[in-house]
Amino acid sequence: MESALAVPRLPPHDPGTPALSVVDMHTGGEPLRIVLAGCPEVEGPTLLAKRRYMRQHLDYVRRRLMFEPRGHRDMYGAVLVQSELPDAHLGVLFLHNEGYSSMCGHAVLALGRFALDFGLVPAPPAGTCEARVNIHCPCGLVTAFVECKGGCSCGPVRFHSVPAFVLASDLMVDVPGHGKVVVDIAYGGAFYALVSAEKFGLDVCSAKTRDLVNTASAVTEAVKAQFKITHPDNEDLSFLYGTILTDGKDAYSEEPTTNICVFADEQVDRSPTGSGVTARIALQYHKGLLKLNQTRIFKSSATGSVFTGKAVREAKCGDFKAVIVEVSGQAHYTGAASLTVEDDDPLKDGFLLK
């Protein structure tokens with residue numbers, strides 16, 4: 001029996017549907033499923049056009065990758081595509097339980113390692129201790145810096161964000177069941193509503209996850225209904241991705257500040273959220289609570305994992321004053337697999353429990 005199982009082979013599957021070969025990673029506990037092979041060609045002259053094409057024509061691929069029985073409600077994915085930008089080493093489309101995001105920091109940290117280890121970028125010169133990986137995300141070009149030894153990744157990864165800014169500060173929103181609440185809206189490659197959990201009588205560090213999810217979802221729906229999200233450069237980026245509940249500790253401190261991010265269809269980020277850290281740094285800098293190159297530690301209330309972040313320089317996004325934010329964290333490999341589909345499987349395109 002052992003000899004019969006020793007030779008890897010695919011189980012029975014629809015011969016007209018290629019197997020999806022994937023590499024699984026996590027960053028701070030948040031999963032990332034990277035498609036190596038099997039995804040049909042994603043057409044379009046630009047990355048945002050490819051994002052629209054995949055949503056319209058290849059959404060079954062997302063569902064098969066993200067949903068049960070191959071994934072789960074909180075699975076996250078990445079499909080690698082060609083970029084139209086001459087400086088990009090690769091382009092990426094981000095997948096989640098609801099659709100396609102514009103930015104994902106934990107995925108960028110993982111993809112930095114992946115790109116170096118799988119030869120998607122030129123091998124760094126001998127003796128180099130950090131490799132540069134230019135990743136074209138839907139929000140723009142993001143640069144990852146990967147610690148390496150002997151040409152392979154070996155430690156933390158950091159990235160420099162697109163310009164991050166505050167869209168609305170101290171915005172009054174009427175949240176059903178909670179009354180009028182003041183929130184901030186900030187952009188870190190995606191737009192988030194940011195608010196202290198204490199305003200809802202919750203401790204982000206000890207409250208039940210379901211209570212935090214319900215509250216964050218109520219804030220998200222309230223903001224969507226009462227405030228128009230507009231990105232100054234591109235309508236494709238003009239949407240609220242989710243809500244981040246914080247411990248309210250926005251003033252600079254060497255102590256960690258804790259948060260939880262609930263995005264898409266009540267998806268819970270296990271990491272401190274890379275684009276969320278970017279947005280929080282932009283907000284703290286905007287409010288004068290943080291100076292350039294002051295490093296803060298951000299902790300996930302879900303897992304206790306940490307990222308660090310700092311504003312490294314000022315920038316502009318349209319007419320908004322912005323900052324470039326550096327976020328650092330550790331990504332890990334968890335496995336690889338070939339995901340197959342049997343044509344007569346009634347659940348071949350996946351399902352989610354409500």
# chains A, B, ... in the order shown; residues from 1 in each chain; ligands from 1
>>> select_by_dssp(residues="stretch 238-288 of chain A", states="strand (DSSP E or B)", output="list of chain:residue names")
A:Leu240, A:Tyr241, A:Gly242, A:Thr243, A:Ile244, A:Leu245, A:Thr246, A:Thr257, A:Thr258, A:Asn259, A:Ile260, A:Cys261, A:Val262, A:Phe263, A:Gln267, A:Val268
>>> write_last_selection(atoms="all heavy atoms", output="compact mmCIF listing (two decimals), in the first residue's frame")
# COMPACT_ATOMS: atom_id res chain seq x y z
N LEU A 240 -15.69 51.02 0.44
CA LEU A 240 -15.27 50.73 1.81
C LEU A 240 -15.04 49.22 1.94
O LEU A 240 -15.95 48.43 1.71
CB LEU A 240 -16.34 51.18 2.80
CG LEU A 240 -15.96 51.08 4.28
CD1 LEU A 240 -14.87 52.09 4.63
CD2 LEU A 240 -17.18 51.28 5.17
N TYR A 241 -13.83 48.86 2.32
CA TYR A 241 -13.45 47.44 2.41
C TYR A 241 -13.91 46.81 3.71
O TYR A 241 -14.25 45.63 3.75
CB TYR A 241 -11.94 47.36 2.27
CG TYR A 241 -11.37 45.97 2.07
CD1 TYR A 241 -12.06 44.98 1.40
CD2 TYR A 241 -10.09 45.68 2.55
CE1 TYR A 241 -11.52 43.72 1.21
CE2 TYR A 241 -9.53 44.43 2.36
CZ TYR A 241 -10.25 43.46 1.68
OH TYR A 241 -9.70 42.21 1.50
N GLY A 242 -13.90 47.59 4.80
CA GLY A 242 -14.28 47.02 6.08
C GLY A 242 -14.09 48.01 7.21
O GLY A 242 -13.85 49.20 6.98
N THR A 243 -14.21 47.50 8.42
CA THR A 243 -14.06 48.31 9.62
C THR A 243 -13.00 47.71 10.52
O THR A 243 -12.94 46.48 10.69
CB THR A 243 -15.39 48.41 10.39
OG1 THR A 243 -16.32 49.19 9.63
CG2 THR A 243 -15.21 49.05 11.76
N ILE A 244 -12.18 48.56 11.09
CA ILE A 244 -11.16 48.14 12.04
C ILE A 244 -11.54 48.70 13.41
O ILE A 244 -11.63 49.92 13.60
CB ILE A 244 -9.76 48.63 11.63
CG1 ILE A 244 -9.37 48.00 10.29
CG2 ILE A 244 -8.72 48.29 12.70
CD1 ILE A 244 -8.05 48.51 9.73
N LEU A 245 -11.77 47.80 14.36
CA LEU A 245 -12.00 48.19 15.74
C LEU A 245 -10.67 48.18 16.47
O LEU A 245 -9.92 47.20 16.41
CB LEU A 245 -12.97 47.22 16.41
CG LEU A 245 -14.39 47.13 15.80
CD1 LEU A 245 -15.20 46.08 16.54
CD2 LEU A 245 -15.08 48.47 15.83
N THR A 246 -10.37 49.25 17.19
CA THR A 246 -9.08 49.41 17.84
C THR A 246 -9.25 49.50 19.35
O THR A 246 -10.36 49.57 19.88
CB THR A 246 -8.37 50.68 17.35
OG1 THR A 246 -8.96 51.84 17.99
CG2 THR A 246 -8.48 50.84 15.83
N THR A 257 -0.36 48.51 20.10
CA THR A 257 -1.76 48.87 20.02
C THR A 257 -2.49 47.74 19.29
O THR A 257 -1.99 47.22 18.29
CB THR A 257 -1.97 50.21 19.31
OG1 THR A 257 -3.38 50.45 19.15
CG2 THR A 257 -1.32 50.27 17.96
N THR A 258 -3.65 47.37 19.79
CA THR A 258 -4.35 46.17 19.31
C THR A 258 -5.56 46.54 18.48
O THR A 258 -6.24 47.53 18.76
CB THR A 258 -4.79 45.30 20.52
OG1 THR A 258 -3.63 44.95 21.28
CG2 THR A 258 -5.48 44.03 20.06
N ASN A 259 -5.82 45.75 17.45
CA ASN A 259 -7.02 45.96 16.64
C ASN A 259 -7.49 44.64 16.02
O ASN A 259 -6.79 43.63 16.06
CB ASN A 259 -6.79 47.00 15.54
CG ASN A 259 -5.65 46.67 14.58
OD1 ASN A 259 -4.71 47.45 14.45
ND2 ASN A 259 -5.72 45.56 13.90
N ILE A 260 -8.71 44.69 15.49
CA ILE A 260 -9.25 43.58 14.70
C ILE A 260 -9.90 44.18 13.47
O ILE A 260 -10.59 45.20 13.55
CB ILE A 260 -10.25 42.72 15.50
CG1 ILE A 260 -10.64 41.48 14.70
CG2 ILE A 260 -11.47 43.53 15.91
CD1 ILE A 260 -11.42 40.45 15.52
N CYS A 261 -9.67 43.55 12.32
CA CYS A 261 -10.22 44.01 11.06
C CYS A 261 -11.28 43.02 10.58
O CYS A 261 -11.03 41.82 10.48
CB CYS A 261 -9.12 44.15 10.01
SG CYS A 261 -9.74 44.61 8.37
N VAL A 262 -12.47 43.55 10.27
CA VAL A 262 -13.56 42.75 9.70
C VAL A 262 -13.86 43.33 8.33
O VAL A 262 -14.23 44.50 8.22
CB VAL A 262 -14.81 42.79 10.60
CG1 VAL A 262 -15.91 41.92 10.01
CG2 VAL A 262 -14.46 42.33 12.01
N PHE A 263 -13.69 42.53 7.30
CA PHE A 263 -13.78 43.04 5.93
C PHE A 263 -14.62 42.10 5.07
O PHE A 263 -15.00 41.01 5.49
CB PHE A 263 -12.38 43.21 5.33
CG PHE A 263 -11.61 41.93 5.17
CD1 PHE A 263 -11.60 41.25 3.96
CD2 PHE A 263 -10.90 41.38 6.23
CE1 PHE A 263 -10.90 40.07 3.81
CE2 PHE A 263 -10.20 40.19 6.09
CZ PHE A 263 -10.19 39.54 4.88
N GLN A 267 -15.54 38.76 6.99
CA GLN A 267 -14.30 37.99 7.06
C GLN A 267 -13.40 38.61 8.13
O GLN A 267 -13.25 39.84 8.19
CB GLN A 267 -13.61 37.97 5.69
CG GLN A 267 -12.45 37.00 5.59
CD GLN A 267 -12.12 36.63 4.15
OE1 GLN A 267 -12.95 36.76 3.26
NE2 GLN A 267 -10.90 36.16 3.92
N VAL A 268 -12.80 37.77 8.96
CA VAL A 268 -11.99 38.25 10.08
C VAL A 268 -10.51 38.02 9.77
O VAL A 268 -10.08 36.89 9.52
CB VAL A 268 -12.36 37.52 11.39
CG1 VAL A 268 -11.47 37.99 12.53
CG2 VAL A 268 -13.82 37.74 11.72
>>> residues_around(residues="A:Arg158", least_positions_apart="3", cutoff="7 Å", atoms="only C-alpha atoms", output="list in words")
Leu109, Ala144, Phe145, Val146, Glu326, Val327, Ser328 and Gly329 of chain A
>>> atom_distance(atom1="atom CA of A:His96", atom2="atom CA of A:Val79")
11.4 Å
>>> residues_around(residues="stretch 304-311 of chain A", least_positions_apart="5", cutoff="9 Å", atoms="only C-alpha atoms", output="ChimeraX atom specification")
/A:27-29,158,256,258,270-274,277-278,281-282,285,290-299,323-330
>>> atom_distance(atom1="atom CA of A:Ser275", atom2="atom CA of A:Gly105")
4.9 Å
>>> atom_distance(atom1="atom CA of A:Gly318", atom2="atom CA of A:His231")
8.5 Å
>>> residues_around(residues="A:Leu90", least_positions_apart="5", cutoff="8 Å", atoms="only C-alpha atoms", output="compact mmCIF listing (two decimals) with all heavy atoms, in the first residue's frame")
# COMPACT_ATOMS: atom_id res chain seq x y z
N LEU A 80 -1.63 35.32 -9.62
CA LEU A 80 -0.54 36.10 -10.20
C LEU A 80 -0.80 36.32 -11.69
O LEU A 80 -1.17 35.39 -12.41
CB LEU A 80 0.79 35.39 -10.00
CG LEU A 80 1.14 35.02 -8.55
CD1 LEU A 80 2.53 34.44 -8.47
CD2 LEU A 80 1.00 36.23 -7.63
N VAL A 81 -0.62 37.56 -12.13
CA VAL A 81 -0.87 37.94 -13.52
C VAL A 81 0.25 38.85 -14.01
O VAL A 81 1.06 39.35 -13.23
CB VAL A 81 -2.23 38.67 -13.66
CG1 VAL A 81 -3.38 37.75 -13.29
CG2 VAL A 81 -2.27 39.94 -12.81
N GLN A 82 0.28 39.06 -15.32
CA GLN A 82 1.23 40.00 -15.90
C GLN A 82 0.80 41.42 -15.57
O GLN A 82 -0.39 41.75 -15.55
CB GLN A 82 1.30 39.82 -17.41
CG GLN A 82 1.95 38.51 -17.87
CD GLN A 82 3.43 38.48 -17.58
OE1 GLN A 82 4.13 39.50 -17.67
NE2 GLN A 82 3.94 37.30 -17.23
N SER A 83 1.78 42.27 -15.32
CA SER A 83 1.53 43.69 -15.07
C SER A 83 1.92 44.51 -16.29
O SER A 83 2.84 44.15 -17.03
CB SER A 83 2.34 44.17 -13.87
OG SER A 83 2.34 45.59 -13.78
N LEU A 120 10.68 34.36 -9.25
CA LEU A 120 9.93 35.35 -10.01
C LEU A 120 10.66 36.68 -10.10
O LEU A 120 10.22 37.58 -10.82
CB LEU A 120 8.55 35.56 -9.38
CG LEU A 120 7.66 34.33 -9.26
CD1 LEU A 120 6.28 34.71 -8.71
CD2 LEU A 120 7.51 33.62 -10.60
N ASN A 134 9.05 44.17 -6.61
CA ASN A 134 8.04 45.16 -6.97
C ASN A 134 6.75 44.44 -7.36
O ASN A 134 6.70 43.73 -8.36
CB ASN A 134 8.52 46.04 -8.12
CG ASN A 134 9.72 46.90 -7.75
OD1 ASN A 134 9.89 47.26 -6.58
ND2 ASN A 134 10.57 47.21 -8.71
N ILE A 135 5.71 44.64 -6.57
CA ILE A 135 4.45 43.92 -6.74
C ILE A 135 3.37 44.92 -7.15
O ILE A 135 3.06 45.85 -6.41
CB ILE A 135 4.04 43.20 -5.44
CG1 ILE A 135 5.15 42.22 -5.02
CG2 ILE A 135 2.71 42.46 -5.62
CD1 ILE A 135 4.92 41.58 -3.65
N HIS A 136 2.80 44.69 -8.32
CA HIS A 136 1.72 45.56 -8.80
C HIS A 136 0.40 45.05 -8.24
O HIS A 136 -0.11 44.01 -8.66
CB HIS A 136 1.70 45.56 -10.34
CG HIS A 136 0.71 46.54 -10.91
ND1 HIS A 136 0.42 46.59 -12.26
CD2 HIS A 136 -0.06 47.50 -10.32
CE1 HIS A 136 -0.48 47.53 -12.47
NE2 HIS A 136 -0.78 48.09 -11.31
>>> residues_around(residues="A:Leu167", least_positions_apart="4", cutoff="9 Å", atoms="only C-alpha atoms", output="MDAnalysis selection string")
chainID A and resid 184:187 191 229:231 320
>>> residues_around(residues="stretch 121-125 of chain A", least_positions_apart="4", cutoff="10 Å", atoms="only C-alpha atoms", output="MDAnalysis selection string")
chainID A and resid 88:90 112 114:117 129:134 148:152
>>> write_last_selection(atoms="N, CA and C atoms", output="short mmCIF file (atom, residue, chain, number, x, y, z; two decimals), in the first residue's frame")
data_model
loop_
_atom_site.label_atom_id
_atom_site.label_comp_id
_atom_site.auth_asym_id
_atom_site.auth_seq_id
_atom_site.Cartn_x
_atom_site.Cartn_y
_atom_site.Cartn_z
N ALA A 88 7.37 46.55 -12.52
CA ALA A 88 6.79 45.49 -11.68
C ALA A 88 7.40 44.13 -12.02
N HIS A 89 7.71 43.36 -10.99
CA HIS A 89 8.15 41.99 -11.18
C HIS A 89 6.97 41.05 -11.39
N LEU A 90 5.83 41.39 -10.81
CA LEU A 90 4.62 40.60 -10.96
C LEU A 90 3.41 41.45 -10.64
N GLY A 112 6.27 38.51 -1.19
CA GLY A 112 7.68 38.87 -1.28
C GLY A 112 8.57 37.65 -1.12
N PHE A 114 7.60 34.48 -1.45
CA PHE A 114 7.26 33.54 -2.52
C PHE A 114 7.96 33.91 -3.82
N ALA A 115 7.93 35.19 -4.20
CA ALA A 115 8.52 35.63 -5.46
C ALA A 115 10.02 35.37 -5.49
N LEU A 116 10.69 35.58 -4.37
CA LEU A 116 12.13 35.32 -4.31
C LEU A 116 12.41 33.82 -4.36
N ASP A 117 11.70 33.05 -3.56
CA ASP A 117 11.98 31.61 -3.46
C ASP A 117 11.59 30.84 -4.72
N CYS A 129 21.77 40.80 1.56
CA CYS A 129 20.96 40.37 2.70
C CYS A 129 19.50 40.79 2.59
N GLU A 130 19.14 41.50 1.50
CA GLU A 130 17.76 41.90 1.30
C GLU A 130 17.48 42.02 -0.19
N ALA A 131 16.39 41.40 -0.64
CA ALA A 131 16.00 41.46 -2.04
C ALA A 131 14.77 42.34 -2.20
N ARG A 132 14.71 43.04 -3.32
CA ARG A 132 13.60 43.95 -3.61
C ARG A 132 12.63 43.27 -4.58
N VAL A 133 11.34 43.32 -4.26
CA VAL A 133 10.31 42.73 -5.12
C VAL A 133 9.24 43.79 -5.35
N ASN A 134 9.05 44.17 -6.61
CA ASN A 134 8.04 45.16 -6.97
C ASN A 134 6.75 44.44 -7.36
N CYS A 148 17.14 37.89 3.06
CA CYS A 148 17.54 36.68 2.36
C CYS A 148 18.97 36.28 2.71
N LYS A 149 19.25 35.02 2.44
CA LYS A 149 20.59 34.48 2.62
C LYS A 149 20.80 33.40 1.58
N GLY A 150 21.87 33.52 0.82
CA GLY A 150 22.13 32.55 -0.23
C GLY A 150 21.07 32.55 -1.31
N GLY A 151 20.41 33.69 -1.53
CA GLY A 151 19.40 33.79 -2.57
C GLY A 151 18.03 33.34 -2.16
N CYS A 152 17.84 32.90 -0.90
CA CYS A 152 16.54 32.43 -0.42
C CYS A 152 16.06 33.31 0.73
#
>>> closest_residue(among="A:Leu93, A:Val42, A:Leu65, A:Met103", to="A:Ser338", atoms="only C-alpha atoms")
A:Leu65
>>> decode(residues="stretch 106-130 of chain A", atoms="N, CA, C and O atoms", output="compact mmCIF listing (two decimals), in the first residue's frame")
# COMPACT_ATOMS: atom_id res chain seq x y z
N HIS A 106 -0.87 41.63 4.27
CA HIS A 106 -0.33 40.33 4.69
C HIS A 106 0.05 39.50 3.47
O HIS A 106 1.02 38.75 3.49
N ALA A 107 -0.73 39.66 2.37
CA ALA A 107 -0.41 38.92 1.15
C ALA A 107 0.87 39.44 0.51
O ALA A 107 1.69 38.65 0.00
N VAL A 108 1.09 40.75 0.53
CA VAL A 108 2.32 41.31 -0.03
C VAL A 108 3.54 40.79 0.74
O VAL A 108 4.56 40.44 0.13
N LEU A 109 3.43 40.71 2.05
CA LEU A 109 4.54 40.19 2.85
C LEU A 109 4.84 38.74 2.46
O LEU A 109 6.00 38.34 2.33
N ALA A 110 3.80 37.93 2.27
CA ALA A 110 3.99 36.54 1.88
C ALA A 110 4.49 36.44 0.44
O ALA A 110 5.40 35.65 0.14
N LEU A 111 3.93 37.25 -0.45
CA LEU A 111 4.33 37.19 -1.86
C LEU A 111 5.77 37.64 -2.06
O LEU A 111 6.43 37.20 -3.01
N GLY A 112 6.27 38.51 -1.19
CA GLY A 112 7.68 38.87 -1.28
C GLY A 112 8.57 37.65 -1.12
O GLY A 112 9.48 37.41 -1.93
N ARG A 113 8.30 36.84 -0.09
CA ARG A 113 9.05 35.59 0.11
C ARG A 113 8.85 34.65 -1.08
O ARG A 113 9.80 34.09 -1.62
N PHE A 114 7.60 34.48 -1.45
CA PHE A 114 7.26 33.54 -2.52
C PHE A 114 7.96 33.91 -3.82
O PHE A 114 8.53 33.05 -4.51
N ALA A 115 7.93 35.19 -4.20
CA ALA A 115 8.52 35.63 -5.46
C ALA A 115 10.02 35.37 -5.49
O ALA A 115 10.57 34.95 -6.53
N LEU A 116 10.69 35.58 -4.37
CA LEU A 116 12.13 35.32 -4.31
C LEU A 116 12.41 33.82 -4.36
O LEU A 116 13.24 33.36 -5.15
N ASP A 117 11.70 33.05 -3.56
CA ASP A 117 11.98 31.61 -3.46
C ASP A 117 11.59 30.84 -4.72
O ASP A 117 12.19 29.79 -5.02
N PHE A 118 10.60 31.33 -5.46
CA PHE A 118 10.14 30.63 -6.65
C PHE A 118 10.69 31.24 -7.94
O PHE A 118 10.21 30.92 -9.03
N GLY A 119 11.69 32.12 -7.82
CA GLY A 119 12.39 32.62 -8.99
C GLY A 119 11.63 33.62 -9.84
O GLY A 119 11.89 33.75 -11.03
N LEU A 120 10.68 34.36 -9.25
CA LEU A 120 9.93 35.35 -10.01
C LEU A 120 10.66 36.68 -10.10
O LEU A 120 10.22 37.58 -10.82
N VAL A 121 11.75 36.80 -9.37
CA VAL A 121 12.61 37.98 -9.44
C VAL A 121 14.04 37.51 -9.65
O VAL A 121 14.38 36.37 -9.31
N PRO A 122 14.89 38.34 -10.24
CA PRO A 122 16.28 37.94 -10.42
C PRO A 122 16.94 37.60 -9.09
O PRO A 122 16.67 38.24 -8.06
N ALA A 123 17.80 36.59 -9.10
CA ALA A 123 18.51 36.21 -7.88
C ALA A 123 19.38 37.37 -7.41
O ALA A 123 20.08 37.99 -8.22
N PRO A 124 19.34 37.71 -6.14
CA PRO A 124 20.16 38.82 -5.65
C PRO A 124 21.64 38.46 -5.71
O PRO A 124 22.01 37.27 -5.63
N PRO A 125 22.51 39.44 -5.84
CA PRO A 125 23.95 39.17 -5.88
C PRO A 125 24.42 38.48 -4.61
O PRO A 125 23.82 38.62 -3.54
N ALA A 126 25.49 37.73 -4.73
CA ALA A 126 26.06 37.03 -3.58
C ALA A 126 26.37 38.03 -2.47
O ALA A 126 26.89 39.12 -2.71
N GLY A 127 26.03 37.64 -1.26
CA GLY A 127 26.28 38.50 -0.11
C GLY A 127 25.16 39.48 0.19
O GLY A 127 25.19 40.16 1.22
N THR A 128 24.15 39.55 -0.69
CA THR A 128 23.03 40.45 -0.47
C THR A 128 22.15 39.93 0.67
O THR A 128 21.84 38.73 0.71
N CYS A 129 21.77 40.80 1.56
CA CYS A 129 20.96 40.37 2.70
C CYS A 129 19.50 40.79 2.59
O CYS A 129 18.70 40.48 3.46
N GLU A 130 19.14 41.50 1.50
CA GLU A 130 17.76 41.90 1.30
C GLU A 130 17.48 42.02 -0.19
O GLU A 130 18.25 42.63 -0.93
